[in-house]
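**Q** Below is the structure I would like to discuss, written out as C-alpha cells.
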Amino acid sequence: MTSIRRTAGRIARAMGWRPTPPSPRRTNGRIAFVGPMPPAATGIATYDRAVIEGLERIGFTGPHPIDPIVPTRKTAVRAIEAYDLAVYQLGNHVDHHRHVYRLAWSVPGLVVLHDLALDDFVRGLQSIGDPLGFRAVGEAASLRHRIGSSPDGIAEPLGVPWCASAARAARGVIVHSAFGRRYLEGIGCLTPIFVVPHPVVESDQALMRASARAAELRAGLGDRRLVVAPGDVNATKQHQAILRALTRLPDDVRLAIVGRRAPDYEIHRLVERHGVRDRVTVSLDVPDPEFLAWIVAADVVVDLRHPHRGEVSGSLARAMQAGKPTIVSAVGTYLDVPDGAVVRVPAGRTDPEALREVIGDLLDRPDRRERIGRAAGEYVRHLRETDATANGYAEAILATRELIRDPRRAMIARWARSLAEAGVDESLVREGFGAAYVRALESFSSGARS
C-alpha cells in the first residue's frame, strides 16, 4: 500500500501536480503566519515582523487578514486548519523551527526557506528521535547525485539537498534569491518556487537613532578607521582570515566583531591568538539597535560566508541599507547582489592577504567607498519603494492558495493511483503514457475560464 501511494505521488509530480486531495477547509481569506516573532533571539523573528508590516502597508491584510502563530505544540494543527493557507518560516535552528517543520508537514502550505542547507536542523531532528529527521536524511541521500547538475560551484553543506523533503511536502516554496531557485530546480524540485527578496527590515527612524549612537562609537575611536564584521559570531564568518588581515593593516585600523554568540565558538581566544586584543572590540548578544549602530559606524563592513548555506544575509541587508561598502564571498546568494553594490572576494576559505588588499584599498579610497555605498543604498531604496518583498509574498500566497483550492488535484490523485496500481511508473508517464487524461483536464479548465 505504501509503495502504491509513493508511486502515485511520483507520477502526479512528474506531470507537475501535487497528489493530495484538496483541503476541506472553508474559504475565509485568513492566512496563518507560522514562525518566530520578536523578541525571539533569531533574525527570522525580525524578518517576520518586517514581512507582515509590508503586507499591511500594501493593503493585502484587508481582504486577507494575517495572524502570526508562534508554534509550541501539535495542537496548533487544528487552529491552522481553519485558515485558507499557512505560511511557514523555516530556518536551520532546531529549537526555533522544529514545530514549524512538523506543522508544515501536517498542514501543507507555503514554506519559506531561509537556509537551503538545513543540515544542522535535520541533524537536530535526528538527535531527538524525530521521524521527520530520518525521512529528510533519506530523501536528501537519494537526491544527492543531482547536485552535480546544479550551477554556482556548490560545495558542502549544500552538496547534500537537506531541504528536499521540506520542499516536496510544501505546496509552494519561497526563496530569497535566484540562486535558491536554481538550486531547487537542480535537485528536481517540482513544487512551485517564488523568488522574493529579503525585506528592508530597518525603518528610517531606526537608522536615525543608529546614526546618533554610531557617532558616539566613533568618538571613542578618535581618528582611527573602523572595520565591522557583523552577524552571528561563528566559524562560517571567517574571523580568522579577518584577524590575520588586520595584523597586516596599519595600526590605525580597528575591528569590531558584533552579533549573536554561537555555542562553543571561542572568539575571544581567537582574538588573543592573533595578538590584536587592543585593536578589536567584541560585542556579543547586543540589542538590535546597538547592532545596527555598529554597522552605521563602520568605514567598511566584512560579511563573509564559508561554507555557504544558501542563506541571504540579514546583516548584509542592513549594511546595504546604511550605504556601507561591504565585502562578501563570491558564492551562492551573494552572486545575485547587483554588481557594484558590494565587493566580492573569491569563494571558499578567505585568503587573509587578498582580504587585506581589498580592505586596505577601500580604506584608502573614500571615493570608492562612497560609490559602492551609494549603489547599495539605491538598490535597497528601490526594493522599499516598490514594496518588492510584500508584493512577492502576496503573489506567492495567492498562487499557492489557488493551487490548494484547485478541484482538479483530487482527479489527478485518483488518476495517478490508478496508473500506479496498473504497474505504470513516472518514467512511462513522462513518455506520454496516460497523459491524455491530464491534457483533457487542462483543456477543460482553460475552456471553463474562457
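By convention here, the chains of the C-alpha cells are called A, B, ... in the order presented, each chain's residues are numbered starting at 1, and ligands are numbered starting at 1 in the order presented.
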Would you mind listing, for every residue of range 158-247 of chain A within 9 Å of range 360-363 of chain A, the two atoms forming the shortest contact and the distance between them in Å to one decimal, using only C-alpha atoms, sorted by chain and ascending residue number, as JSON lines?
**A**
```
{"residue": "A:Arg225", "atom": "CA", "partner": "A:Leu363", "partner_atom": "CA", "distance": 7.6}
{"residue": "A:Leu226", "atom": "CA", "partner": "A:Leu363", "partner_atom": "CA", "distance": 8.9}
{"residue": "A:Val227", "atom": "CA", "partner": "A:Leu363", "partner_atom": "CA", "distance": 8.9}
```
**Q** Select from range 74-299 of chain A everything DSSP, run on the backbone, classes as strand (DSSP E or B), then give the selection as number ranges by chain.
**A** A: 85-90, 110-113, 172-175, 193-195, 225-230, 233, 253-259, 261, 280-284
**Q** So that I can see what lies close to range 121-125 of chain A, please list as a VMD selection string the residues with an atom at most 10 Å from it, counting only C-alpha atoms and leaving out residues fewer than 3 positions away in the same chain.
**A** chain A and resid 90 to 98 101 115 117 to 118 128 to 137 162 to 163
**Q** Go ahead and save the picked residues with C-alpha atoms, as a short mmCIF file (atom, residue, chain, number, x, y, z; two decimals), in the first residue's frame.
**A**
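That gives us selection-v3.cif:
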```
data_model
loop_
_atom_site.label_atom_id
_atom_site.label_comp_id
_atom_site.auth_asym_id
_atom_site.auth_seq_id
_atom_site.Cartn_x
_atom_site.Cartn_y
_atom_site.Cartn_z
CA LEU A 90 11.81 27.58 8.24
CA GLY A 91 15.42 28.13 9.31
CA ASN A 92 18.38 25.97 10.29
CA HIS A 93 17.93 26.05 14.10
CA VAL A 94 16.05 23.09 15.52
CA ASP A 95 14.95 24.87 18.71
CA HIS A 96 13.30 27.72 16.80
CA HIS A 97 11.85 25.75 13.90
CA ARG A 98 11.12 22.16 14.97
CA TYR A 101 8.56 21.94 10.35
CA ASP A 115 18.54 28.33 4.56
CA ALA A 117 21.22 23.71 3.71
CA LEU A 118 19.07 22.57 6.61
CA ILE A 128 15.79 14.00 19.41
CA GLY A 129 14.49 10.95 17.57
CA ASP A 130 12.03 12.82 15.36
CA PRO A 131 10.94 10.54 12.46
CA LEU A 132 10.79 13.53 10.12
CA GLY A 133 14.53 13.97 10.61
CA PHE A 134 15.25 10.43 9.42
CA ARG A 135 12.87 10.88 6.49
CA ALA A 136 14.67 14.09 5.49
CA VAL A 137 18.04 12.31 5.61
CA TRP A 162 18.88 18.65 3.11
CA CYS A 163 15.88 20.82 2.21
#
```
**Q** Could you check how far CA of Ala210 in chain A sits from CA of Val282 in chain A, in Å to one decimal?
**A**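 Computing it gives 18.2 Å between the two atoms.
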**Q** Per DSSP on the backbone, what are the alpha helix (DSSP H) residues of range 122-329 of chain A, as a PyMOL selection string?
**A** chain A and resi 122-127+131-143+164-169+178-186+204-219+239-247+267-273+288-297+314-321
**Q** Just want the 9 Å neighbourhood of Phe194 in chain A, counted on only C-alpha atoms, with same-chain residues fewer than 3 positions away dropped. Output as a list in words.
**A**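 Returned residues: Gly172, Val173, Ile174, Val175, His176, Arg181, Gly392, Tyr393, Glu395 and Ala396 of chain A.
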**Q** Go ahead and compute the interatomic distance for CA of Ala79 in chain A and CA of Ala166 in chain A, in Å to one decimal.
**A** 21.0 Å
**Q** Hey, can you check how far CA of Pro192 in chain A sits from CA of Arg381 in chain A?
**A**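 Pair CA of Pro192 in chain A / CA of Arg381 in chain A returns 28.3 Å.
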**Q** Of the candidates A:Val253, A:Val233, A:Leu103, A:Val312, which one gets nearest to Leu116 in chain A if we count only C-alpha atoms?
**A** A:Val312
**Q** If we count only C-alpha atoms and set the cut-off at 9 Å, which residues sit around Glu53 in chain A, ignoring sequence neighbours fewer than 5 positions away in its own chain? Please answer as a list in words.
**A**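 Listed by chain and then number, they are Asp48, Ile58 and Ala390 of chain A.
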**Q** Output N, CA and C atoms for every residue in that selection, as an mmCIF file, in the first residue's frame.
**A**
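Now in out.cif:
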```cif
data_model
loop_
_atom_site.group_PDB
_atom_site.id
_atom_site.type_symbol
_atom_site.label_atom_id
_atom_site.label_comp_id
_atom_site.auth_asym_id
_atom_site.auth_seq_id
_atom_site.Cartn_x
_atom_site.Cartn_y
_atom_site.Cartn_z
ATOM 1 N N ASP A 48 10.195 38.263 10.052
ATOM 2 C CA ASP A 48 8.754 38.004 10.028
ATOM 3 C C ASP A 48 7.955 39.273 10.294
ATOM 4 N N ILE A 58 0.793 47.448 1.909
ATOM 5 C CA ILE A 58 0.248 47.400 0.542
ATOM 6 C C ILE A 58 -1.240 47.056 0.535
ATOM 7 N N ALA A 390 6.837 42.595 -0.076
ATOM 8 C CA ALA A 390 5.414 42.428 0.221
ATOM 9 C C ALA A 390 4.645 41.965 -1.009
#
```
**Q** Compile the contact shell of Gly340 in chain A as a ChimeraX atom specification: residues with an atom at most 9 Å away, counting only C-alpha atoms, same-chain residues fewer than 4 positions apart removed.
**A** /A:371-373,375-376
**Q** Within 12 Å of Ala40 in chain A, counting only C-alpha atoms, which residues show up once you throw out same-chain ones fewer than 4 positions away? Write them as a list of chain:residue names, please.
**A**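 Result of the neighbour search: A:Gly35, A:Pro36, A:Ile44, A:Ala45, A:Thr46, A:Tyr47, A:Asp48, A:Arg49, A:Val70, A:Asp95, A:His96, A:His97, A:Pro287, A:Asp288.
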